[in-house]
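Colleague: Supplied structure: query-v3.cif, mmCIF, C-alpha atoms.
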```cif
data_upload
#
loop_
_atom_site.group_PDB
_atom_site.id
_atom_site.type_symbol
_atom_site.label_atom_id
_atom_site.label_comp_id
_atom_site.auth_asym_id
_atom_site.auth_seq_id
_atom_site.Cartn_x
_atom_site.Cartn_y
_atom_site.Cartn_z
ATOM 1 C CA MET A 1 80.735 79.560 99.769
ATOM 2 C CA ILE A 2 84.215 81.028 100.194
ATOM 3 C CA SER A 3 86.940 79.058 98.417
ATOM 4 C CA LYS A 4 89.714 77.464 100.430
ATOM 5 C CA GLN A 5 92.197 79.509 98.406
ATOM 6 C CA ALA A 6 90.526 82.739 99.537
ATOM 7 C CA GLU A 7 90.663 81.508 103.136
ATOM 8 C CA ALA A 8 94.457 81.683 102.788
ATOM 9 C CA VAL A 9 94.150 85.480 102.820
ATOM 10 C CA ARG A 10 92.328 85.332 106.161
ATOM 11 C CA ARG A 11 95.053 83.045 107.538
ATOM 12 C CA HIS A 12 97.695 85.470 106.290
ATOM 13 C CA TRP A 13 96.239 88.377 108.246
ATOM 14 C CA ALA A 14 95.785 86.217 111.341
ATOM 15 C CA ALA A 15 99.458 85.232 111.099
ATOM 16 C CA VAL A 16 100.491 88.880 110.766
ATOM 17 C CA ARG A 17 98.512 89.703 113.904
ATOM 18 C CA GLN A 18 100.183 86.825 115.768
ATOM 19 C CA ALA A 19 103.634 87.920 114.563
ATOM 20 C CA MET A 20 103.110 91.360 116.095
ATOM 21 C CA THR A 21 103.129 89.773 119.565
ATOM 22 C CA ARG A 22 106.668 88.458 119.064
ATOM 23 C CA PRO A 23 109.899 90.384 119.649
ATOM 24 C CA GLU A 24 110.811 92.408 116.578
ATOM 25 C CA ASP A 25 113.897 90.327 115.793
ATOM 26 C CA GLU A 26 111.754 87.164 115.706
ATOM 27 C CA ARG A 27 109.137 88.434 113.280
ATOM 28 C CA PRO A 28 109.189 87.142 109.698
ATOM 29 C CA ASP A 29 109.758 89.661 106.942
ATOM 30 C CA ASP A 30 106.800 90.578 104.772
ATOM 31 C CA GLU A 31 108.134 88.935 101.604
ATOM 32 C CA SER A 32 105.883 85.932 102.331
ATOM 33 C CA TRP A 33 102.896 88.163 101.538
ATOM 34 C CA GLY A 34 103.654 87.621 97.870
ATOM 35 C CA ASP A 35 103.358 83.844 98.337
ATOM 36 C CA LEU A 36 99.583 84.287 98.278
ATOM 37 C CA THR A 37 99.800 85.090 94.564
ATOM 38 C CA ALA A 38 100.443 82.607 91.765
ATOM 39 C CA GLU A 39 102.824 83.525 88.956
ATOM 40 C CA PRO A 40 100.755 85.043 86.140
ATOM 41 C CA ARG A 41 103.006 83.521 83.432
ATOM 42 C CA ALA A 42 103.760 85.238 80.123
ATOM 43 C CA VAL A 43 104.766 88.351 82.056
ATOM 44 C CA ASP A 44 108.311 89.727 82.102
ATOM 45 C CA TYR A 45 109.707 91.781 85.000
ATOM 46 C CA ILE A 46 112.292 94.482 84.395
ATOM 47 C CA GLU A 47 113.762 96.528 87.244
ATOM 48 C CA VAL A 48 114.314 100.207 86.462
ATOM 49 C CA GLU A 49 114.635 103.577 88.170
ATOM 50 C CA ALA A 50 111.610 105.831 87.785
ATOM 51 C CA GLY A 51 111.889 109.415 88.932
ATOM 52 C CA GLY A 52 114.749 108.465 91.238
ATOM 53 C CA LEU A 53 112.826 105.542 92.750
ATOM 54 C CA PRO A 54 113.412 101.803 92.465
ATOM 55 C CA ALA A 55 110.682 100.415 90.245
ATOM 56 C CA MET A 56 109.723 97.359 88.249
ATOM 57 C CA TRP A 57 107.955 96.955 84.929
ATOM 58 C CA ALA A 58 105.522 94.051 84.635
ATOM 59 C CA VAL A 59 105.244 93.527 80.888
ATOM 60 C CA PRO A 60 102.665 91.069 79.524
ATOM 61 C CA LYS A 61 103.781 89.237 76.391
ATOM 62 C CA ARG A 62 100.757 90.465 74.442
ATOM 63 C CA GLY A 63 100.345 93.840 76.133
ATOM 64 C CA VAL A 64 100.662 97.199 74.421
ATOM 65 C CA GLN A 65 103.545 99.475 75.349
ATOM 66 C CA ASP A 66 101.847 102.875 75.481
ATOM 67 C CA ARG A 67 99.165 102.091 78.095
ATOM 68 C CA VAL A 68 100.372 101.933 81.698
ATOM 69 C CA LEU A 69 99.071 101.031 85.130
ATOM 70 C CA LEU A 70 101.010 102.989 87.776
ATOM 71 C CA CYS A 71 100.953 100.506 90.663
ATOM 72 C CA LEU A 72 101.241 101.427 94.344
ATOM 73 C CA HIS A 73 101.738 98.561 96.768
ATOM 74 C CA GLY A 74 100.077 98.311 100.145
ATOM 75 C CA GLY A 75 101.638 97.647 103.529
ATOM 76 C CA GLY A 76 100.384 100.390 105.820
ATOM 77 C CA PHE A 77 103.159 102.734 104.593
ATOM 78 C CA VAL A 78 105.581 100.676 106.715
ATOM 79 C CA GLY A 79 105.929 97.511 104.609
ATOM 80 C CA GLY A 80 105.284 95.904 101.263
ATOM 81 C CA SER A 81 107.474 96.259 98.197
ATOM 82 C CA ILE A 82 107.666 95.876 94.455
ATOM 83 C CA TYR A 83 108.560 92.236 95.147
ATOM 84 C CA THR A 84 105.613 91.368 97.388
ATOM 85 C CA HIS A 85 103.188 92.779 94.827
ATOM 86 C CA ARG A 86 104.821 92.146 91.449
ATOM 87 C CA LYS A 87 102.762 89.001 90.707
ATOM 88 C CA MET A 88 99.433 90.506 91.675
ATOM 89 C CA PHE A 89 100.019 93.588 89.552
ATOM 90 C CA GLY A 90 101.332 91.280 86.834
ATOM 91 C CA HIS A 91 97.947 89.522 86.782
ATOM 92 C CA LEU A 92 96.170 92.869 86.486
ATOM 93 C CA ALA A 93 98.487 94.072 83.722
ATOM 94 C CA LYS A 94 98.059 90.834 81.775
ATOM 95 C CA ALA A 95 94.259 90.935 82.080
ATOM 96 C CA THR A 96 94.175 94.610 81.047
ATOM 97 C CA GLY A 97 96.632 94.272 78.183
ATOM 98 C CA ALA A 98 98.855 97.106 79.429
ATOM 99 C CA ARG A 99 102.234 97.439 81.075
ATOM 100 C CA ALA A 100 102.400 97.967 84.834
ATOM 101 C CA LEU A 101 104.984 100.142 86.539
ATOM 102 C CA ILE A 102 105.311 99.162 90.207
ATOM 103 C CA ILE A 103 107.170 101.736 92.278
ATOM 104 C CA GLU A 104 109.050 101.496 95.565
ATOM 105 C CA TYR A 105 107.998 104.623 97.453
ATOM 106 C CA ARG A 106 109.717 105.542 100.722
ATOM 107 C CA LEU A 107 108.382 103.970 103.907
ATOM 108 C CA ALA A 108 107.632 105.199 107.413
ATOM 109 C CA PRO A 109 108.863 105.686 110.061
ATOM 110 C CA ALA A 110 112.095 106.723 108.318
ATOM 111 C CA HIS A 111 110.085 108.820 105.862
ATOM 112 C CA THR A 112 106.767 110.283 106.938
ATOM 113 C CA HIS A 113 103.960 111.977 105.026
ATOM 114 C CA PRO A 114 104.037 113.583 102.461
ATOM 115 C CA ALA A 115 107.118 111.698 101.218
ATOM 116 C CA GLN A 116 104.962 108.922 99.788
ATOM 117 C CA VAL A 117 102.638 111.145 97.725
ATOM 118 C CA ASP A 118 105.648 113.094 96.480
ATOM 119 C CA ASP A 119 107.323 109.862 95.367
ATOM 120 C CA VAL A 120 104.264 108.786 93.389
ATOM 121 C CA VAL A 121 104.079 112.175 91.689
ATOM 122 C CA ASP A 122 107.782 111.959 90.803
ATOM 123 C CA ALA A 123 107.207 108.545 89.212
ATOM 124 C CA TYR A 124 104.144 109.861 87.361
ATOM 125 C CA ARG A 125 106.124 112.835 86.053
ATOM 126 C CA TRP A 126 108.838 110.405 84.908
ATOM 127 C CA LEU A 127 106.244 108.316 83.046
ATOM 128 C CA ILE A 128 104.957 111.380 81.239
ATOM 129 C CA GLY A 129 108.542 112.282 80.425
ATOM 130 C CA GLN A 130 108.927 108.866 78.796
ATOM 131 C CA GLY A 131 106.267 109.889 76.300
ATOM 132 C CA ILE A 132 103.263 108.184 77.902
ATOM 133 C CA ASP A 133 100.081 110.222 77.475
ATOM 134 C CA PRO A 134 98.398 110.865 80.874
ATOM 135 C CA ALA A 135 95.140 109.787 79.201
ATOM 136 C CA HIS A 136 96.757 106.354 78.817
ATOM 137 C CA ILE A 137 97.772 106.008 82.487
ATOM 138 C CA ALA A 138 95.671 104.668 85.351
ATOM 139 C CA PHE A 139 96.681 104.702 89.018
ATOM 140 C CA THR A 140 96.021 101.544 91.008
ATOM 141 C CA GLY A 141 96.948 100.245 94.436
ATOM 142 C CA ASP A 142 95.833 98.276 97.444
ATOM 143 C CA SER A 143 95.258 99.476 101.020
ATOM 144 C CA SER A 144 97.714 102.340 101.623
ATOM 145 C CA GLY A 145 98.491 102.204 97.903
ATOM 146 C CA GLY A 146 94.778 102.485 97.209
ATOM 147 C CA GLY A 147 94.618 105.708 99.169
ATOM 148 C CA LEU A 148 97.725 106.931 97.358
ATOM 149 C CA SER A 149 96.033 106.301 94.010
ATOM 150 C CA ILE A 150 93.727 109.193 94.949
ATOM 151 C CA THR A 151 95.938 111.498 97.034
ATOM 152 C CA ALA A 152 98.806 111.396 94.532
ATOM 153 C CA GLN A 153 96.428 112.714 91.887
ATOM 154 C CA LEU A 154 95.634 115.669 94.135
ATOM 155 C CA ARG A 155 99.348 116.350 94.604
ATOM 156 C CA ALA A 156 99.889 116.088 90.857
ATOM 157 C CA ARG A 157 97.028 118.517 90.242
ATOM 158 C CA ASP A 158 98.522 120.969 92.736
ATOM 159 C CA ARG A 159 101.784 120.824 90.799
ATOM 160 C CA GLY A 160 100.129 121.557 87.488
ATOM 161 C CA LEU A 161 100.350 118.066 86.012
ATOM 162 C CA PRO A 162 97.518 116.648 83.905
ATOM 163 C CA LEU A 163 95.455 113.995 85.665
ATOM 164 C CA PRO A 164 95.543 110.305 84.693
ATOM 165 C CA ALA A 165 92.681 108.572 82.935
ATOM 166 C CA ALA A 166 91.356 106.675 85.948
ATOM 167 C CA ALA A 167 92.062 105.171 89.350
ATOM 168 C CA LEU A 168 91.540 101.600 90.552
ATOM 169 C CA PRO A 169 91.908 101.425 94.339
ATOM 170 C CA PHE A 170 91.138 98.180 96.111
ATOM 171 C CA SER A 171 90.631 97.915 99.854
ATOM 172 C CA PRO A 172 91.713 101.578 99.964
ATOM 173 C CA TRP A 173 92.818 103.084 103.264
ATOM 174 C CA THR A 174 91.287 106.547 103.081
ATOM 175 C CA ASP A 175 90.536 107.535 106.704
ATOM 176 C CA MET A 176 93.482 108.158 109.016
ATOM 177 C CA GLU A 177 91.071 108.666 111.922
ATOM 178 C CA ALA A 178 89.699 105.119 111.586
ATOM 179 C CA ALA A 179 86.189 106.401 112.215
ATOM 180 C CA GLY A 180 84.207 103.924 110.107
ATOM 181 C CA LYS A 181 81.498 101.831 111.752
ATOM 182 C CA SER A 182 82.794 98.731 109.983
ATOM 183 C CA TYR A 183 85.558 98.534 112.594
ATOM 184 C CA GLU A 184 82.755 97.408 114.932
ATOM 185 C CA THR A 185 80.473 95.544 112.541
ATOM 186 C CA ASN A 186 83.347 93.474 111.077
ATOM 187 C CA GLU A 187 85.393 93.196 114.263
ATOM 188 C CA ASP A 188 84.757 89.449 114.532
ATOM 189 C CA LYS A 189 85.425 88.859 110.832
ATOM 190 C CA ASP A 190 88.649 90.811 110.244
ATOM 191 C CA PRO A 191 91.591 89.156 112.023
ATOM 192 C CA PHE A 192 94.023 92.065 111.798
ATOM 193 C CA PHE A 193 92.648 95.551 111.180
ATOM 194 C CA TYR A 194 91.459 96.635 114.588
ATOM 195 C CA ARG A 195 90.882 100.353 115.071
ATOM 196 C CA GLU A 196 93.848 100.753 117.433
ATOM 197 C CA THR A 197 96.132 98.988 114.933
ATOM 198 C CA VAL A 198 95.117 101.293 112.101
ATOM 199 C CA ARG A 199 95.483 104.396 114.261
ATOM 200 C CA MET A 200 98.968 103.254 115.261
ATOM 201 C CA LEU A 201 99.912 102.848 111.595
ATOM 202 C CA ALA A 202 98.407 106.257 110.814
ATOM 203 C CA ALA A 203 100.458 107.915 113.561
ATOM 204 C CA THR A 204 103.621 106.281 112.216
ATOM 205 C CA PHE A 205 102.828 107.452 108.689
ATOM 206 C CA LEU A 206 101.823 111.008 109.629
ATOM 207 C CA GLY A 207 104.699 111.676 112.025
ATOM 208 C CA GLU A 208 104.695 113.620 115.261
ATOM 209 C CA ASP A 209 102.931 116.729 113.965
ATOM 210 C CA GLY A 210 100.824 115.092 111.264
ATOM 211 C CA ASP A 211 97.147 115.857 110.808
ATOM 212 C CA PRO A 212 94.867 112.828 110.205
ATOM 213 C CA ARG A 213 92.535 115.146 108.279
ATOM 214 C CA ASP A 214 95.222 116.340 105.873
ATOM 215 C CA PRO A 215 93.566 115.945 102.436
ATOM 216 C CA LEU A 216 96.786 114.490 101.028
ATOM 217 C CA ALA A 217 96.656 111.763 103.680
ATOM 218 C CA SER A 218 92.891 111.235 104.014
ATOM 219 C CA PRO A 219 91.194 111.926 100.665
ATOM 220 C CA LEU A 220 87.817 111.969 102.436
ATOM 221 C CA HIS A 221 88.735 115.559 103.371
ATOM 222 C CA ALA A 222 89.898 116.553 99.880
ATOM 223 C CA ASP A 223 88.216 118.276 96.962
ATOM 224 C CA LEU A 224 87.921 115.429 94.459
ATOM 225 C CA SER A 225 86.136 117.420 91.768
ATOM 226 C CA GLY A 226 87.662 116.993 88.342
ATOM 227 C CA LEU A 227 89.199 113.580 88.976
ATOM 228 C CA GLY A 228 88.748 110.877 86.394
ATOM 229 C CA PRO A 229 86.582 107.802 86.952
ATOM 230 C CA ILE A 230 87.292 105.592 89.976
ATOM 231 C CA TYR A 231 86.600 101.879 90.400
ATOM 232 C CA ILE A 232 86.769 100.729 94.035
ATOM 233 C CA GLN A 233 86.852 97.112 95.191
ATOM 234 C CA VAL A 234 86.597 96.019 98.823
ATOM 235 C CA GLY A 235 86.017 92.852 100.838
ATOM 236 C CA GLY A 236 82.734 92.551 102.683
ATOM 237 C CA ASP A 237 84.394 91.155 105.829
ATOM 238 C CA GLU A 238 87.148 93.728 106.237
ATOM 239 C CA ALA A 239 87.280 96.447 108.860
ATOM 240 C CA LEU A 240 88.167 99.013 106.197
ATOM 241 C CA LEU A 241 84.895 98.406 104.358
ATOM 242 C CA ASP A 242 83.626 101.859 105.325
ATOM 243 C CA ASP A 243 86.831 103.486 104.033
ATOM 244 C CA ALA A 244 85.761 102.310 100.579
ATOM 245 C CA ARG A 245 82.132 103.267 101.085
ATOM 246 C CA MET A 246 83.017 106.740 102.329
ATOM 247 C CA LEU A 247 85.383 107.320 99.399
ATOM 248 C CA ASP A 248 82.617 106.263 97.033
ATOM 249 C CA GLU A 249 80.143 108.658 98.647
ATOM 250 C CA HIS A 250 82.611 111.548 98.849
ATOM 251 C CA ALA A 251 83.657 111.181 95.206
ATOM 252 C CA ARG A 252 80.057 110.984 94.006
ATOM 253 C CA LYS A 253 79.224 114.211 95.815
ATOM 254 C CA ALA A 254 82.149 115.820 93.956
ATOM 255 C CA GLY A 255 80.679 114.732 90.624
ATOM 256 C CA VAL A 256 83.208 111.947 89.993
ATOM 257 C CA ASP A 257 82.158 108.844 88.056
ATOM 258 C CA VAL A 258 82.550 106.061 90.652
ATOM 259 C CA ARG A 259 81.889 102.341 90.795
ATOM 260 C CA LEU A 260 82.045 100.371 94.051
ATOM 261 C CA ASP A 261 82.041 96.568 94.201
ATOM 262 C CA VAL A 262 81.796 94.854 97.603
ATOM 263 C CA PHE A 263 82.827 91.180 97.548
ATOM 264 C CA PRO A 264 80.921 89.247 100.241
ATOM 265 C CA GLY A 265 83.035 87.273 102.691
ATOM 266 C CA MET A 266 86.337 88.609 101.381
ATOM 267 C CA GLN A 267 89.213 89.981 103.430
ATOM 268 C CA HIS A 268 91.415 93.038 103.010
ATOM 269 C CA THR A 269 93.360 92.931 99.711
ATOM 270 C CA PHE A 270 91.995 89.499 98.833
ATOM 271 C CA GLN A 271 93.138 90.172 95.246
ATOM 272 C CA MET A 272 96.604 89.122 96.435
ATOM 273 C CA ALA A 273 95.350 85.537 95.941
ATOM 274 C CA ALA A 274 95.168 86.106 92.170
ATOM 275 C CA GLY A 275 95.890 82.958 90.202
ATOM 276 C CA ARG A 276 94.779 80.788 93.131
ATOM 277 C CA ALA A 277 91.423 81.998 94.497
ATOM 278 C CA PRO A 278 88.504 82.257 92.063
ATOM 279 C CA GLU A 279 87.211 85.291 93.950
ATOM 280 C CA ALA A 280 90.501 87.119 93.388
ATOM 281 C CA ASP A 281 90.572 86.161 89.713
ATOM 282 C CA ASP A 282 87.013 87.436 89.310
ATOM 283 C CA ALA A 283 87.978 90.740 90.926
ATOM 284 C CA VAL A 284 91.027 91.143 88.689
ATOM 285 C CA ARG A 285 88.942 90.393 85.584
ATOM 286 C CA ARG A 286 86.363 92.996 86.609
ATOM 287 C CA MET A 287 89.048 95.569 87.255
ATOM 288 C CA ALA A 288 90.755 94.900 83.938
ATOM 289 C CA ALA A 289 87.489 94.979 81.985
ATOM 290 C CA TRP A 290 86.652 98.342 83.562
ATOM 291 C CA ALA A 291 90.132 99.801 83.044
ATOM 292 C CA ALA A 292 90.794 98.722 79.450
ATOM 293 C CA PRO A 293 88.306 101.025 77.667
ATOM 294 C CA ARG A 294 89.303 103.957 79.878
ATOM 295 C CA LEU A 295 92.870 103.461 78.694
ATOM 296 C CA GLY A 296 91.698 103.267 75.086
ATOM 297 C CA LEU A 297 92.179 99.505 74.785
#
```
Show me the file's structure as C-alpha cells.
Modeller:
Amino acid sequence: MISKQAEAVRRHWAAVRQAMTRPEDERPDDESWGDLTAEPRAVDYIEVEAGGLPAMWAVPKRGVQDRVLLCLHGGGFVGGSIYTHRKMFGHLAKATGARALIIEYRLAPAHTHPAQVDDVVDAYRWLIGQGIDPAHIAFTGDSSGGGLSITAQLRARDRGLPLPAAALPFSPWTDMEAAGKSYETNEDKDPFFYRETVRMLAATFLGEDGDPRDPLASPLHADLSGLGPIYIQVGGDEALLDDARMLDEHARKAGVDVRLDVFPGMQHTFQMAAGRAPEADDAVRRMAAWAAPRLGL
C-alpha cells in the first residue's frame, strides 16, 4: 500500500499540470517543489561559487570532507534550483556520509543545449581543482539532472578529464524523442509526463536546430563504455519508466556495471518526499548504501 506521504508527490505533479493551464503570470513558482522534502537536520548549507556557477554545499555534521556527491537538480532544464533540491540532496549526503555539492546550471530557453552539460563539467573541473580525487566523486541527479549525471561524464571524457567513481541517476530523463512504451502503459498513472509535454520540454532544451539523438542530450545514443558503475532508481507508475529501463539496457551492452531498482506505485522523482514518505527514505538509504563503498566509505 502506498503511503499517504508518497501520494503527496502524485498531487504535486497533478498541481503542476493544472498550473500549466493558467496564464503564465498566474502560475506559482517552482520553489514549492522543495516543500515535499523534510529538513534532514544535522546538515549545514553553505553557498559558494563553483566553476563560475552558483552552488551550495550540503555538509552533514558527521560526514567526511574528501568524498563528494556532485548533485544535479531536475526541472526539465527549465526549472528547479539548488533551493528546491537542497533538502533532498542533504538527506542523500547525510545517509552516505559525504558532502554534496549542488550546482545551479543554466536553464532553457535562455540557455540551450549544450550549456547545461558544459556547466556540470566546469563544476566537476572546479571540484578536482579543490583537491578532490575523481575516484571520490559520484554524480547524482533527478529527471533532467539524472540524464546529466551520464551526459556530463561523456563531455568530461571528451575533454580529457578522469571519470568519477559512479553515477546515481533517479527517474532519469534519457530519451529526448520520448519513444518509450511506458508513455502509453502508465498514461493513466502519471498525472504530468505526457509524451507531448516531454517533447515540448525537449524542444525547449535542444533549441531550434537541436538534435534529439545528440549523445550529449540523449545518452541512449552515446558510447557508454568505460563509465563507472551506475545505480538507477525509477518509479513504477511514471511515464519515464522506460527511460530508466533503456539506459540500464544500453549501459549493460556497453559493459557498464548497472543496477536498476523499480519502485512499484511510485511517481517521478518520488525521492523528493525524503524525510516524510517511507518509500522515499527507503530509496535514499538504498542509494547511500550503494554509493558509500564506491566512494571508499
Colleague: Which residue gives the smallest distance to A:Pro169 among A:His73, A:Arg41, A:Arg10, A:Lys4, with all atoms listed in the file counted?
Modeller: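 Closest candidate: A:His73.
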Colleague: Translate the PyMOL selection byres ((chain A and resi 247-258) around 10) into a concrete residue list for this structure, as JSON, numbers by chain.
Modeller: {"A": [147, 150, 166, 167, 172, 173, 174, 175, 218, 219, 220, 221, 222, 223, 224, 225, 226, 227, 228, 229, 230, 231, 232, 242, 243, 244, 245, 246, 259, 260]}
Colleague: For the residues selected in the previous step, produce a file with C-alpha atoms as a short mmCIF file (atom, residue, chain, number, x, y, z; two decimals), in the coordinates of the input.
Modeller:
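Saved as part-v8.cif:
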```
data_model
loop_
_atom_site.label_atom_id
_atom_site.label_comp_id
_atom_site.auth_asym_id
_atom_site.auth_seq_id
_atom_site.Cartn_x
_atom_site.Cartn_y
_atom_site.Cartn_z
CA GLY A 147 94.62 105.71 99.17
CA ILE A 150 93.73 109.19 94.95
CA ALA A 166 91.36 106.68 85.95
CA ALA A 167 92.06 105.17 89.35
CA PRO A 172 91.71 101.58 99.96
CA TRP A 173 92.82 103.08 103.26
CA THR A 174 91.29 106.55 103.08
CA ASP A 175 90.54 107.54 106.70
CA SER A 218 92.89 111.24 104.01
CA PRO A 219 91.19 111.93 100.66
CA LEU A 220 87.82 111.97 102.44
CA HIS A 221 88.74 115.56 103.37
CA ALA A 222 89.90 116.55 99.88
CA ASP A 223 88.22 118.28 96.96
CA LEU A 224 87.92 115.43 94.46
CA SER A 225 86.14 117.42 91.77
CA GLY A 226 87.66 116.99 88.34
CA LEU A 227 89.20 113.58 88.98
CA GLY A 228 88.75 110.88 86.39
CA PRO A 229 86.58 107.80 86.95
CA ILE A 230 87.29 105.59 89.98
CA TYR A 231 86.60 101.88 90.40
CA ILE A 232 86.77 100.73 94.04
CA ASP A 242 83.63 101.86 105.32
CA ASP A 243 86.83 103.49 104.03
CA ALA A 244 85.76 102.31 100.58
CA ARG A 245 82.13 103.27 101.08
CA MET A 246 83.02 106.74 102.33
CA ARG A 259 81.89 102.34 90.80
CA LEU A 260 82.04 100.37 94.05
#
```
Colleague: Quick one: residues within 8 Å of (92.2, 109.4, 111.6) (file frame), counting all atoms listed in the file, please, as a list of chain:residue names.
Modeller: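 Checking each residue against the 8 Å limit leaves A:Asp175, A:Met176, A:Glu177, A:Ala178, A:Ala179, A:Arg199, A:Ala202, A:Pro212, A:Arg213, A:Ser218.
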Colleague: Given the choices A:Asp214, A:Glu184, A:Glu208, A:Asp190, which gets closest to A:Gln267 if the distance is worked out from only C-alpha atoms?
Modeller: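 Checking each candidate against A:Gln267, we get A:Asp190 as the closest.
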Colleague: Can you work out which one of A:Gln130, A:Ser32, A:Thr96, A:Thr112 has the shortest atom-to-atom distance to A:Ser81, counting all atoms listed in the file?
Modeller: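 Closest to A:Ser81 of all the choices is A:Ser32.
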Colleague: Spell out the residues picked by the PyMOL selection byres ((chain A and resi 16) around 10) here, as a VMD selection string.
Modeller: chain A and resid 11 to 15 17 to 21 27 to 28 30 33 191 to 192
Colleague: For A:Gly76, which residue out of A:Arg285, A:His268, A:Arg159, A:His136 is the nearest one, using only C-alpha atoms?
Modeller: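 Of A:Arg285, A:His268, A:Arg159, A:His136, the one nearest A:Gly76 is A:His268, counting only C-alpha atoms.
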Colleague: Calculate, to one decimal in Å, the centre and edge lengths of the box along x, y and z of the file that holds all listed atoms of stretch 171-177 of chain A with 5 Å of margin on each side, and present them as AutoDock Vina command-line options.
Modeller:
```
--center_x 92.0 --center_y 103.3 --center_z 105.9 --size_x 12.9 --size_y 20.8 --size_z 22.1
```
Colleague: So what do you get for atom CA of A:Ala217 versus atom CA of A:Gln116, distance-wise?
Modeller: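 Going from atom CA of A:Ala217 over to atom CA of A:Gln116 covers 9.6 Å.
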Colleague: Between atom CA of A:Ala152 and atom CA of A:Glu49, what is the distance, to one decimal in Å?
Modeller: 18.8 Å
Colleague: For the file shown, report as a list in words the outcome of the PyMOL selection byres ((chain A and resi 293) around 12) at residue level.
Modeller: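 The output of the PyMOL selection byres ((chain A and resi 293) around 12) on this file is Arg67, Thr96, Gly97, Ala98, Ala135, His136, Ile137, Ala138, Ala165, Ala166, Pro229, Met287, Ala288, Ala289, Trp290, Ala291, Ala292, Arg294, Leu295, Gly296 and Leu297 of chain A.
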Colleague: Could you state the separation of atom CA of A:Ala6 and atom CA of A:Ile103 in Å, given to one decimal place?
Modeller: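 These atoms are spaced 26.3 Å apart.
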Colleague: Neighbours of A:Ser149 within 8 Å (all atoms listed in the file; same-chain residues fewer than 6 positions away dropped), as a ChimeraX atom specification?
Modeller: /A:72,139-141,167-169
Colleague: Tell me which of A:Pro278, A:Gly131, A:Pro264, A:Gly75 sits closest to A:Gly236, counting only C-alpha atoms.
Modeller: A:Pro264
Colleague: Taking all atoms listed in the file into account, which of A:Leu206, A:Thr269, A:Lys94, A:Asp282 comes nearest A:Leu69?
Modeller: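 Closest to A:Leu69 of all the choices is A:Lys94.
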Colleague: The residues within 7 Å of (83.6, 82.9, 95.9), using all atoms listed in the file and the coordinates of the file, should be reported as a list in words; which are they?
Modeller: Met1, Ile2, Ser3, Pro278 and Glu279 of chain A
Colleague: Take stretch 220-232 of chain A, bring it up to N, CA and C atoms, and give me the output as a compact mmCIF listing (two decimals), in the coordinates of the input.
Modeller:
```txt
# COMPACT_ATOMS: atom_id res chain seq x y z
N LEU A 220 89.19 111.66 102.05
CA LEU A 220 87.82 111.97 102.44
C LEU A 220 87.65 113.45 102.78
N HIS A 221 88.77 114.14 103.03
CA HIS A 221 88.74 115.56 103.37
C HIS A 221 89.24 116.43 102.22
N ALA A 222 89.35 115.83 101.04
CA ALA A 222 89.90 116.55 99.88
C ALA A 222 88.79 116.95 98.90
N ASP A 223 89.08 117.92 98.08
CA ASP A 223 88.22 118.28 96.96
C ASP A 223 88.56 117.35 95.80
N LEU A 224 87.66 116.43 95.50
CA LEU A 224 87.92 115.43 94.46
C LEU A 224 87.33 115.83 93.11
N SER A 225 86.76 117.01 93.03
CA SER A 225 86.14 117.42 91.77
C SER A 225 87.18 117.46 90.66
N GLY A 226 86.78 116.98 89.50
CA GLY A 226 87.66 116.99 88.34
C GLY A 226 88.46 115.74 88.15
N LEU A 227 88.47 114.83 89.14
CA LEU A 227 89.20 113.58 88.98
C LEU A 227 88.50 112.69 87.96
N GLY A 228 89.30 111.84 87.33
CA GLY A 228 88.75 110.88 86.39
C GLY A 228 87.97 109.78 87.11
N PRO A 229 87.39 108.86 86.35
CA PRO A 229 86.58 107.80 86.95
C PRO A 229 87.39 106.93 87.92
N ILE A 230 86.69 106.41 88.92
CA ILE A 230 87.29 105.59 89.98
C ILE A 230 86.51 104.30 90.11
N TYR A 231 87.22 103.19 90.14
CA TYR A 231 86.60 101.88 90.40
C TYR A 231 87.19 101.33 91.69
N ILE A 232 86.34 101.17 92.71
CA ILE A 232 86.77 100.73 94.04
C ILE A 232 86.31 99.29 94.26
```
